[in-house]
Amino acid sequence: MEQVIMNQLSYPILSTVIFLPVLGALLILITRRSWELLTKWIALGTSILTFIVSLTLFTDFDKSTHKMQFAEKFSWIPDWNIYYFLGVDGISVLFVLLSALIAILCVLISWDSIKTKVKEFYISILLTTSFMIGVFCSLDFFLFYLFWEAMLIPMFLIIGVWGGPNRIYAAIKFFLYTLVGSVLMLVGIIVLYLYAGNTFNILDLMTKTYPYNMQLWLFWAFFAAFAVKVPMWPVHTWLPDAHTEAPTAGSVILAAILIKMGAYGFLRFSLPLFPEASKAMVPVMLTLSVIAIIYGAVICFAQTDLKRLIAYSSVSHMGFVTLGIFALNTQGIEGGILQMLNHGIVTGALFLSVGIIYERTHSRLIADYGGLATPMPIYAAFFMVFTLAAVGLPGTNGFIGEFLILLGGFTANKLAGVLGATGIIIGAGYMLWLYQKIFFTEVNKKVMGLPDMDIRETITLIPLIILVLWIGIYPNPFLDFMHPSVQHLLERVNTGGVQEANIAKTIMEVIR
Amino acid sequence: MNFQLPDLTPMIPELLMTALALIVILIDLLIKKKEVIALISIAGVAVVALSLVGSSGITFGGMYISDGYSTFFKLIFFINVILTILISIKYIAVEKVNYGEYYSLILFSTIGMMIMASAGDLIVLYLGLELMALSTYVLAGFIRHDIKSNEAALKYFLLGAFSSAFLLYGISIVYGLTGTTDLKAIASFINERGLTDNFSLLLSVIFLIVAFGFKIAAAPFHMWAPDVYEGAPTSITAFMSVGPKAAGFAVLGRVFMVAFVSVKVDWVAILIPISILTMAVGNIVALSQTNIKRMLAYSSIAHAGYALLGIITANNEGLASMMNYLMIYAFMNIGAFAVIIMLRSEGFKGDSIYDYEGLAKTHPLAAVLMLIFMFSLTGIPPTAGFIGKLYIFMAAINAGYTWLVVIAVIFSAISAYFYLRIIMYMYMKEPKTSVQLSVSPGIALALAITVIAVLVIGVLPSAVINFARIAASGF
């Protein structure tokens, strides 16, 4: 059965979305160093253009099929049977859109705050965007790995060059953690490649069955790469450092897209390639997820640094995502995907918001704030919405995702569901506590007379507010994308990719 | 008795190269501007490279073989020699050792390497190895007025002589056992007489591994490398880290895959711990280096460890991956050394890693180039270094050494730290001293060639892989 629908548009849309930012970066490269304004406008222009082009993916996407769409396939390195093979399905398409959107916001939020090496900064942002989108579109393992690793280069620079005081430590820690995980995955990829008869084609690899022992080894090899990126407990320790020290745009990219890649990897590769191993490892994964949820949430109370608190809340929220994915049922996985999206939107928004006040006060300490609602009422209102979304209040997107995940979690394992649910309660605790400390109580002298958000900053946050409410009130347009793909994925997992099971199923249908 | 001249076609490149080296010595007496000699050398090497086409064949009764395998290595040597000369032109003037002999020595050394790659006989091999080594000893001590350079040359010479003794001892045992030094004859003799379990044969294999291990700077025979790399003129360090190493791998591959192929199990069992030790020593000791030349010396040791995986694989695919790796390594390593050489200027050594602080601010272009080379040496896509490593790992896993590859990738992740440190100094620190770059057209050209090669091979590796495969298949 043909698994892909080739691109029907008159232009290669996925390649355009991937390489437009690279083109922008090249343009910036040749502009003169002193023309900072032009540099910014090129960056903004390309990112907006990329987003506009990517919107076609949203409108023209065929929601009735699980097949890969808008596919492009060209022979690339024939000696190794490598193809330049792109395509999106219901699991990946939303992340392509989110990446394109986040790129615009990152450019906007950095407009005034990045003052040194402006040229390099926007080149890095655009390249990161390109590589991230590439990761979500790749259907060839070689291509995937190329984007996956290449992304580390600009990200390392973003954290290390434009970050906070402890940036070098954070950048190197980030790089080494992710690299160790990735190279182990590389070994796994090569083993798969050789076993399956020299093919890097992800769709082909997914149609094959692998011996159980091999599945187990490979599951852990891939786990090493994905768990670090998610990040799952206990390999999460790079995240608080990286998040805290990165410049606002860097934190936003990390929170909104980069750490989603780990969860995406589990969905795209671990589950369909190693279904038996995944099922066997469910107890381990659920345990790790629950630990991440509770540990991440509890530790938030001990934070004095705003960004660090949000970073730890990410660990907790990503615990929900992995909990949903490894519940291995429709609700869990759909909830997991939606929660990835939600977390990207909400945490991205929170980091943007922190960036907005950090630019004014140059302090990330919670103790330096207080009564901020008085000088900055609009800002307070925006922050409120994001806080509530992070808490998971009904009507916001957080609620839908967490609800689905817990539903799936309960079905899979009652204890995991119950323990996961406590994470929501603790989450409400620390987020409201944070909100109260920053916006209410007495007005701190340091924040007195701060100007409220200007138009640029408001524009940056508005798209995210819209998405928070849209997904919160009417999530169907987004969930519709996923149904066929998730169903297909679950079929693959539950039948273990074993052909006999499919035949048995058809026989049963015939008998009926 | 009529004397018949053997077929010389397979030797044409070597003969031309010898003629070139002699011409360079002679015109050195007439030409005052040494830059001209450099240009003549480069043009000459280019002509010699063209003569590679159609030079294939076997001559001198099988003592001299020109095949795909040797041609590929000769290409690496030519790339090495051209790039080295390009980065030397200004550098040896700065070091005040602007003599014409420098170029002829480099050419002689390259002839030695070419002979090694083509050797079908252990004696020819020894001849080539000594020609290469003696020229390199002199080059290492070329900065006569610098005590460190003298030290490097002496150390290199003493330890090199020691390793030559090992080689000769190994060869003599083989000769005693089999009565021949011809690689193919050795192989058939071992097979016919069933010598695979012979203890003396094992001993000779060990001696040969020691001797070749010295040339490729594999641990525990690497001790000379850091001191020699640090003390030698930087351009020669670049030359040594690619040429003699590649030549060492060329003979390692040919001798073991042809003469000793029936005792594969033995030498693979010896090379595996050597490879692990080499990666470990290279990568771990490099972490604590503060002199960039020393750091790259250890990095070069580590890279020998990765390339050894290709030999351990003991099949054509493995050899192809090793050859591909060395070709890529030539570009990225000489590129990195070219940046180091730019930092050397009148009265400023520029070989401490602290000299790189804030380079991105003062010289953004040089910093970007160094960044690309460092990431390539780490093996991060989309650079050529990644392709090289990937190919080696694929070949090794295919031969069943998955566990060895896991060790290799872990060490490769560790290595990221010291390469990143250079990037960190360049991009994330403020400049402390004002660094003057000594740019010259030669270096600019060398950098352009290497950076383009690193990026193009990183994205479109087909041509190189294909070439390596064809070259290794006709073995």
# chains A, B, ... in the order shown; residues from 1 in each chain; ligands from 1
call {"tool": "residues_around", "arguments": {"residues": "A:Ala292", "least_positions_apart": "2", "cutoff": "7 Å", "atoms": "only C-alpha atoms", "output": "PyMOL selection string"}}
result
chain A and resi 232-233+288-290+294-296+315-316+319
call {"tool": "write_last_selection", "arguments": {"atoms": "N, CA and C atoms", "output": "CSV table (one decimal), in the first residue's frame"}}
result
chain,number,residue,atom,x,y,z
A,232,MET,N,13.0,13.9,30.2
A,232,MET,CA,12.4,13.1,31.2
A,232,MET,C,13.3,13.1,32.4
A,233,TRP,N,12.7,12.9,33.6
A,233,TRP,CA,13.5,12.7,34.7
A,233,TRP,C,14.2,11.3,34.5
A,288,LEU,N,8.4,6.9,35.1
A,288,LEU,CA,9.3,8.1,34.9
A,288,LEU,C,8.5,9.3,34.7
A,289,SER,N,7.4,9.1,33.9
A,289,SER,CA,6.5,10.3,33.6
A,289,SER,C,5.9,10.8,34.9
A,290,VAL,N,5.4,9.9,35.8
A,290,VAL,CA,4.8,10.4,37.0
A,290,VAL,C,5.8,11.1,37.9
A,294,ILE,N,5.4,15.0,39.3
A,294,ILE,CA,5.3,15.4,40.7
A,294,ILE,C,6.6,16.1,41.1
A,295,TYR,N,7.7,15.5,40.7
A,295,TYR,CA,9.0,16.1,41.1
A,295,TYR,C,9.2,17.5,40.5
A,296,GLY,N,8.8,17.6,39.2
A,296,GLY,CA,8.9,18.9,38.5
A,296,GLY,C,8.0,20.0,39.2
A,315,VAL,N,9.2,20.6,32.9
A,315,VAL,CA,9.6,19.2,33.2
A,315,VAL,C,8.3,18.5,33.6
A,316,SER,N,7.5,19.1,34.5
A,316,SER,CA,6.3,18.6,34.9
A,316,SER,C,5.3,18.4,33.8
A,319,GLY,N,6.1,15.7,31.5
A,319,GLY,CA,5.7,14.4,32.1
A,319,GLY,C,4.3,14.0,31.7
call {"tool": "closest_atom_pairs", "arguments": {"of": "chain A", "to": "chain B", "cutoff": "6 Å", "atoms": "only C-alpha atoms", "output": "JSON lines"}}
result
{"residue": "A:Ile77", "atom": "CA", "partner": "B:Ser462", "partner_atom": "CA", "distance": 5.4}
{"residue": "A:Leu146", "atom": "CA", "partner": "B:Pro381", "partner_atom": "CA", "distance": 5.4}
{"residue": "A:Ala150", "atom": "CA", "partner": "B:Pro381", "partner_atom": "CA", "distance": 5.4}
{"residue": "A:Val161", "atom": "CA", "partner": "B:Met428", "partner_atom": "CA", "distance": 5.0}
{"residue": "A:Val180", "atom": "CA", "partner": "B:Ala413", "partner_atom": "CA", "distance": 5.5}
{"residue": "A:Val183", "atom": "CA", "partner": "B:Val409", "partner_atom": "CA", "distance": 5.8}
call {"tool": "residues_around", "arguments": {"residues": "A:Lys446", "least_positions_apart": "2", "cutoff": "10 Å", "atoms": "only C-alpha atoms", "output": "MDAnalysis selection string"}}
result
chainID A and resid 361 363 368:370 372 443:444 448:450
call {"tool": "write_last_selection", "arguments": {"atoms": "N, CA and C atoms", "output": "short mmCIF file (atom, residue, chain, number, x, y, z; two decimals), in the first residue's frame"}}
result
data_model
loop_
_atom_site.label_atom_id
_atom_site.label_comp_id
_atom_site.auth_asym_id
_atom_site.auth_seq_id
_atom_site.Cartn_x
_atom_site.Cartn_y
_atom_site.Cartn_z
N THR A 361 13.45 45.37 33.82
CA THR A 361 14.08 45.38 35.16
C THR A 361 15.44 44.69 35.18
N SER A 363 15.95 41.74 35.93
CA SER A 363 16.02 40.83 37.06
C SER A 363 15.07 39.68 36.82
N ASP A 368 12.14 40.32 43.46
CA ASP A 368 12.28 41.69 42.98
C ASP A 368 10.98 42.26 42.45
N TYR A 369 9.98 41.40 42.36
CA TYR A 369 8.71 41.90 41.82
C TYR A 369 7.66 41.95 42.92
N GLY A 370 6.49 42.38 42.58
CA GLY A 370 5.41 42.50 43.56
C GLY A 370 4.53 43.65 43.15
N LEU A 372 2.93 44.12 40.47
CA LEU A 372 3.18 44.55 39.10
C LEU A 372 1.89 44.91 38.37
N VAL A 443 3.28 46.92 46.13
CA VAL A 443 4.05 47.29 44.95
C VAL A 443 5.51 47.46 45.32
N ASN A 444 6.33 46.66 44.70
CA ASN A 444 7.77 46.75 44.97
C ASN A 444 8.31 48.04 44.34
N MET A 448 8.01 50.16 40.30
CA MET A 448 7.14 51.33 40.25
C MET A 448 7.40 52.13 38.97
N GLY A 449 6.33 52.53 38.32
CA GLY A 449 6.46 53.38 37.15
C GLY A 449 6.98 52.68 35.90
N LEU A 450 6.96 51.38 35.88
CA LEU A 450 7.36 50.69 34.65
C LEU A 450 6.31 50.92 33.57
#
call {"tool": "residues_around", "arguments": {"residues": "A:Ile438", "least_positions_apart": "5", "cutoff": "12 Å", "atoms": "only C-alpha atoms", "output": "PyMOL selection string"}}
result
chain A and resi 304-306+354+357+364-376+379-380+383-384+387+431-433+443-444+446-447
call {"tool": "residues_around", "arguments": {"residues": "stretch 250-265 of chain B", "least_positions_apart": "2", "cutoff": "7 Å", "atoms": "only C-alpha atoms", "output": "PDB file with N, CA, C and O atoms, in the first residue's frame"}}
result
ATOM      1  N   PHE B  73      44.856   7.098  -2.168  1.00  0.00           N
ATOM      2  CA  PHE B  73      45.749   7.649  -1.147  1.00  0.00           C
ATOM      3  C   PHE B  73      46.648   8.725  -1.736  1.00  0.00           C
ATOM      4  O   PHE B  73      46.915   9.743  -1.093  1.00  0.00           O
ATOM      5  N   MET B 116      54.901   4.271  -0.376  1.00  0.00           N
ATOM      6  CA  MET B 116      54.269   3.422   0.632  1.00  0.00           C
ATOM      7  C   MET B 116      52.914   2.923   0.151  1.00  0.00           C
ATOM      8  O   MET B 116      52.563   1.749   0.309  1.00  0.00           O
ATOM      9  N   ALA B 117      52.138   3.849  -0.419  1.00  0.00           N
ATOM     10  CA  ALA B 117      50.788   3.467  -0.833  1.00  0.00           C
ATOM     11  C   ALA B 117      50.818   2.436  -1.952  1.00  0.00           C
ATOM     12  O   ALA B 117      49.893   1.641  -2.097  1.00  0.00           O
ATOM     13  N   LEU B 183      54.132  -9.267  -0.816  1.00  0.00           N
ATOM     14  CA  LEU B 183      52.928  -9.403  -0.006  1.00  0.00           C
ATOM     15  C   LEU B 183      52.069 -10.584  -0.444  1.00  0.00           C
ATOM     16  O   LEU B 183      51.607 -11.367   0.376  1.00  0.00           O
ATOM     17  N   LYS B 184      51.870 -10.704  -1.762  1.00  0.00           N
ATOM     18  CA  LYS B 184      51.002 -11.784  -2.244  1.00  0.00           C
ATOM     19  C   LYS B 184      51.639 -13.145  -1.977  1.00  0.00           C
ATOM     20  O   LYS B 184      50.982 -14.104  -1.586  1.00  0.00           O
ATOM     21  N   ILE B 186      53.709 -13.871   0.384  1.00  0.00           N
ATOM     22  CA  ILE B 186      53.602 -14.175   1.818  1.00  0.00           C
ATOM     23  C   ILE B 186      52.259 -14.821   2.096  1.00  0.00           C
ATOM     24  O   ILE B 186      52.167 -15.854   2.775  1.00  0.00           O
ATOM     25  N   ALA B 187      51.216 -14.204   1.545  1.00  0.00           N
ATOM     26  CA  ALA B 187      49.870 -14.708   1.800  1.00  0.00           C
ATOM     27  C   ALA B 187      49.724 -16.151   1.344  1.00  0.00           C
ATOM     28  O   ALA B 187      49.231 -17.015   2.074  1.00  0.00           O
ATOM     29  N   THR B 196      49.031 -20.428   9.951  1.00  0.00           N
ATOM     30  CA  THR B 196      48.169 -19.477  10.658  1.00  0.00           C
ATOM     31  C   THR B 196      48.350 -19.518  12.170  1.00  0.00           C
ATOM     32  O   THR B 196      48.089 -18.541  12.854  1.00  0.00           O
ATOM     33  N   PHE B 212      53.638   0.424  12.429  1.00  0.00           N
ATOM     34  CA  PHE B 212      52.613   1.230  11.746  1.00  0.00           C
ATOM     35  C   PHE B 212      51.840   2.070  12.755  1.00  0.00           C
ATOM     36  O   PHE B 212      51.455   3.207  12.472  1.00  0.00           O
ATOM     37  N   ALA B 246      47.955   9.139   6.891  1.00  0.00           N
ATOM     38  CA  ALA B 246      47.262   8.450   5.800  1.00  0.00           C
ATOM     39  C   ALA B 246      48.149   7.374   5.195  1.00  0.00           C
ATOM     40  O   ALA B 246      47.696   6.270   4.901  1.00  0.00           O
ATOM     41  N   ALA B 247      49.449   7.697   5.049  1.00  0.00           N
ATOM     42  CA  ALA B 247      50.368   6.705   4.482  1.00  0.00           C
ATOM     43  C   ALA B 247      50.445   5.481   5.391  1.00  0.00           C
ATOM     44  O   ALA B 247      50.459   4.346   4.930  1.00  0.00           O
ATOM     45  N   GLY B 248      50.482   5.746   6.711  1.00  0.00           N
ATOM     46  CA  GLY B 248      50.495   4.643   7.669  1.00  0.00           C
ATOM     47  C   GLY B 248      49.274   3.764   7.510  1.00  0.00           C
ATOM     48  O   GLY B 248      49.370   2.528   7.497  1.00  0.00           O
ATOM     49  N   TRP B 267      45.199 -10.265  14.062  1.00  0.00           N
ATOM     50  CA  TRP B 267      45.480  -8.828  14.076  1.00  0.00           C
ATOM     51  C   TRP B 267      44.257  -7.989  14.405  1.00  0.00           C
ATOM     52  O   TRP B 267      44.377  -6.909  14.981  1.00  0.00           O
ATOM     53  N   VAL B 268      43.077  -8.494  14.085  1.00  0.00           N
ATOM     54  CA  VAL B 268      41.884  -7.749  14.504  1.00  0.00           C
ATOM     55  C   VAL B 268      41.805  -7.724  16.031  1.00  0.00           C
ATOM     56  O   VAL B 268      41.538  -6.688  16.643  1.00  0.00           O
ATOM     57  N   ALA B 269      42.127  -8.882  16.651  1.00  0.00           N
ATOM     58  CA  ALA B 269      42.076  -8.947  18.104  1.00  0.00           C
ATOM     59  C   ALA B 269      43.080  -8.002  18.748  1.00  0.00           C
ATOM     60  O   ALA B 269      42.856  -7.497  19.848  1.00  0.00           O
ATOM     61  N   ILE B 311      39.781  -0.453   9.542  1.00  0.00           N
ATOM     62  CA  ILE B 311      40.694  -1.582   9.316  1.00  0.00           C
ATOM     63  C   ILE B 311      40.181  -2.813  10.071  1.00  0.00           C
ATOM     64  O   ILE B 311      40.218  -3.935   9.550  1.00  0.00           O
TER      65      ILE B 311
END
call {"tool": "residues_around", "arguments": {"residues": "A:Gly262", "least_positions_apart": "6", "cutoff": "8 Å", "atoms": "only C-alpha atoms", "output": "list in words"}}
result
Ala225, Phe226, Ala227, Val228, Lys229, Val230 and Pro231 of chain A
call {"tool": "write_last_selection", "arguments": {"atoms": "N, CA, C and O atoms", "output": "PDB file, in the first residue's frame"}}
result
ATOM      1  N   ALA A 225      18.158   9.441  23.149  1.00  0.00           N
ATOM      2  CA  ALA A 225      18.065  10.714  22.434  1.00  0.00           C
ATOM      3  C   ALA A 225      16.805  11.475  22.814  1.00  0.00           C
ATOM      4  O   ALA A 225      16.832  12.670  23.088  1.00  0.00           O
ATOM      5  N   PHE A 226      15.691  10.768  22.836  1.00  0.00           N
ATOM      6  CA  PHE A 226      14.410  11.458  23.024  1.00  0.00           C
ATOM      7  C   PHE A 226      14.200  11.879  24.475  1.00  0.00           C
ATOM      8  O   PHE A 226      13.686  12.968  24.743  1.00  0.00           O
ATOM      9  N   ALA A 227      14.593  11.005  25.426  1.00  0.00           N
ATOM     10  CA  ALA A 227      14.362  11.339  26.825  1.00  0.00           C
ATOM     11  C   ALA A 227      15.147  12.579  27.224  1.00  0.00           C
ATOM     12  O   ALA A 227      14.660  13.411  27.987  1.00  0.00           O
ATOM     13  N   VAL A 228      16.350  12.719  26.667  1.00  0.00           N
ATOM     14  CA  VAL A 228      17.118  13.919  26.995  1.00  0.00           C
ATOM     15  C   VAL A 228      16.416  15.149  26.446  1.00  0.00           C
ATOM     16  O   VAL A 228      16.340  16.187  27.087  1.00  0.00           O
ATOM     17  N   LYS A 229      15.863  15.029  25.256  1.00  0.00           N
ATOM     18  CA  LYS A 229      15.230  16.205  24.661  1.00  0.00           C
ATOM     19  C   LYS A 229      13.929  16.563  25.353  1.00  0.00           C
ATOM     20  O   LYS A 229      13.587  17.732  25.464  1.00  0.00           O
ATOM     21  N   VAL A 230      13.187  15.571  25.833  1.00  0.00           N
ATOM     22  CA  VAL A 230      11.826  15.850  26.352  1.00  0.00           C
ATOM     23  C   VAL A 230      11.775  16.905  27.443  1.00  0.00           C
ATOM     24  O   VAL A 230      10.947  17.816  27.331  1.00  0.00           O
ATOM     25  N   PRO A 231      12.531  16.987  28.457  1.00  0.00           N
ATOM     26  CA  PRO A 231      13.439  16.020  29.026  1.00  0.00           C
ATOM     27  C   PRO A 231      12.737  15.235  30.112  1.00  0.00           C
ATOM     28  O   PRO A 231      11.979  15.800  30.881  1.00  0.00           O
TER      29      PRO A 231
END
call {"tool": "residues_around", "arguments": {"residues": "stretch 251-253 of chain A", "least_positions_apart": "6", "cutoff": "6 Å", "atoms": "only C-alpha atoms", "output": "number ranges by chain"}}
result
A: 243, 348, 351
call {"tool": "write_last_selection", "arguments": {"atoms": "all heavy atoms", "output": "tab-separated table (two decimals), in the first residue's frame"}}
result
chain	number	residue	atom	x	y	z
A	243	HIS	N	17.23	26.86	29.93
A	243	HIS	CA	16.08	27.77	29.92
A	243	HIS	C	16.40	29.08	30.61
A	243	HIS	O	16.07	30.16	30.15
A	243	HIS	CB	14.92	27.13	30.65
A	243	HIS	CG	13.94	26.46	29.74
A	243	HIS	ND1	13.89	26.70	28.40
A	243	HIS	CD2	12.97	25.56	29.97
A	243	HIS	CE1	12.93	25.98	27.86
A	243	HIS	NE2	12.37	25.26	28.80
A	348	GLY	N	5.79	28.93	25.86
A	348	GLY	CA	6.37	29.94	24.99
A	348	GLY	C	5.89	31.32	25.40
A	348	GLY	O	6.68	32.26	25.56
A	351	PHE	N	7.45	32.47	28.70
A	351	PHE	CA	8.82	32.95	28.54
A	351	PHE	C	8.86	34.30	27.83
A	351	PHE	O	9.67	35.17	28.18
A	351	PHE	CB	9.67	31.93	27.79
A	351	PHE	CG	10.24	30.85	28.66
A	351	PHE	CD1	9.94	29.53	28.45
A	351	PHE	CD2	11.07	31.19	29.72
A	351	PHE	CE1	10.46	28.54	29.27
A	351	PHE	CE2	11.60	30.21	30.54
A	351	PHE	CZ	11.29	28.88	30.31
call {"tool": "closest_residue", "arguments": {"among": "B:Lys389, B:His363, B:His222, B:Lys148", "to": "B:Ser434", "atoms": "only C-alpha atoms"}}
result
B:His363
call {"tool": "select_by_dssp", "arguments": {"residues": "stretch 243-382 of chain A", "states": "helix (DSSP H, G or I)", "output": "PyMOL selection string"}}
result
chain A and resi 243-245+248-273+275-280+282-300+306-325+330-361+366-368+377-382
call {"tool": "closest_residue", "arguments": {"among": "A:Met6, A:Phe121, A:Asp112, A:Gln69", "to": "A:Arg33", "atoms": "only C-alpha atoms"}}
result
A:Phe121
call {"tool": "closest_residue", "arguments": {"among": "A:Ile190, A:Ile259, A:Ile333, A:Val346", "to": "A:Trp80", "atoms": "only C-alpha atoms"}}
result
A:Ile190
call {"tool": "decode", "arguments": {"residues": "stretch 253-272 of chain B", "atoms": "N, CA and C atoms", "output": "tab-separated table (two decimals), in the first residue's frame"}}
result
chain	number	residue	atom	x	y	z
B	253	GLY	N	46.51	-1.09	5.82
B	253	GLY	CA	45.44	-1.75	5.09
B	253	GLY	C	45.99	-2.78	4.11
B	254	ARG	N	46.99	-2.38	3.33
B	254	ARG	CA	47.45	-3.29	2.29
B	254	ARG	C	48.19	-4.49	2.87
B	255	VAL	N	49.10	-4.24	3.81
B	255	VAL	CA	49.88	-5.35	4.35
B	255	VAL	C	48.97	-6.36	5.05
B	256	PHE	N	48.06	-5.85	5.86
B	256	PHE	CA	47.25	-6.81	6.62
B	256	PHE	C	46.15	-7.45	5.80
B	257	MET	N	45.64	-6.69	4.84
B	257	MET	CA	44.55	-7.26	4.05
B	257	MET	C	45.08	-8.16	2.94
B	258	VAL	N	46.37	-7.99	2.54
B	258	VAL	CA	46.90	-8.85	1.48
B	258	VAL	C	47.77	-9.95	2.08
B	259	ALA	N	48.83	-9.53	2.78
B	259	ALA	CA	49.79	-10.54	3.23
B	259	ALA	C	49.24	-11.37	4.38
B	260	PHE	N	48.58	-10.74	5.31
B	260	PHE	CA	48.18	-11.45	6.52
B	260	PHE	C	46.68	-11.68	6.60
B	261	VAL	N	46.05	-11.76	5.44
B	261	VAL	CA	44.59	-11.85	5.48
B	261	VAL	C	44.13	-13.14	6.15
B	262	SER	N	44.98	-14.19	6.09
B	262	SER	CA	44.53	-15.46	6.68
B	262	SER	C	44.69	-15.48	8.20
B	263	VAL	N	45.42	-14.53	8.75
B	263	VAL	CA	45.47	-14.45	10.22
B	263	VAL	C	44.70	-13.22	10.70
B	264	LYS	N	43.67	-12.91	9.96
B	264	LYS	CA	42.78	-11.79	10.25
B	264	LYS	C	42.38	-11.74	11.73
B	265	VAL	N	41.97	-12.90	12.23
B	265	VAL	CA	41.48	-12.97	13.61
B	265	VAL	C	42.52	-12.41	14.57
B	266	ASP	N	43.78	-12.75	14.34
B	266	ASP	CA	44.82	-12.31	15.27
B	266	ASP	C	44.98	-10.80	15.27
B	267	TRP	N	45.20	-10.27	14.06
B	267	TRP	CA	45.48	-8.83	14.08
B	267	TRP	C	44.26	-7.99	14.40
B	268	VAL	N	43.08	-8.49	14.08
B	268	VAL	CA	41.88	-7.75	14.50
B	268	VAL	C	41.80	-7.72	16.03
B	269	ALA	N	42.13	-8.88	16.65
B	269	ALA	CA	42.08	-8.95	18.10
B	269	ALA	C	43.08	-8.00	18.75
B	270	ILE	N	44.19	-7.75	18.05
B	270	ILE	CA	45.17	-6.81	18.61
B	270	ILE	C	44.73	-5.38	18.35
B	271	LEU	N	44.17	-5.14	17.18
B	271	LEU	CA	43.82	-3.76	16.81
B	271	LEU	C	42.63	-3.23	17.61
B	272	ILE	N	41.73	-4.11	18.02
B	272	ILE	CA	40.54	-3.62	18.74
B	272	ILE	C	40.93	-2.89	20.04
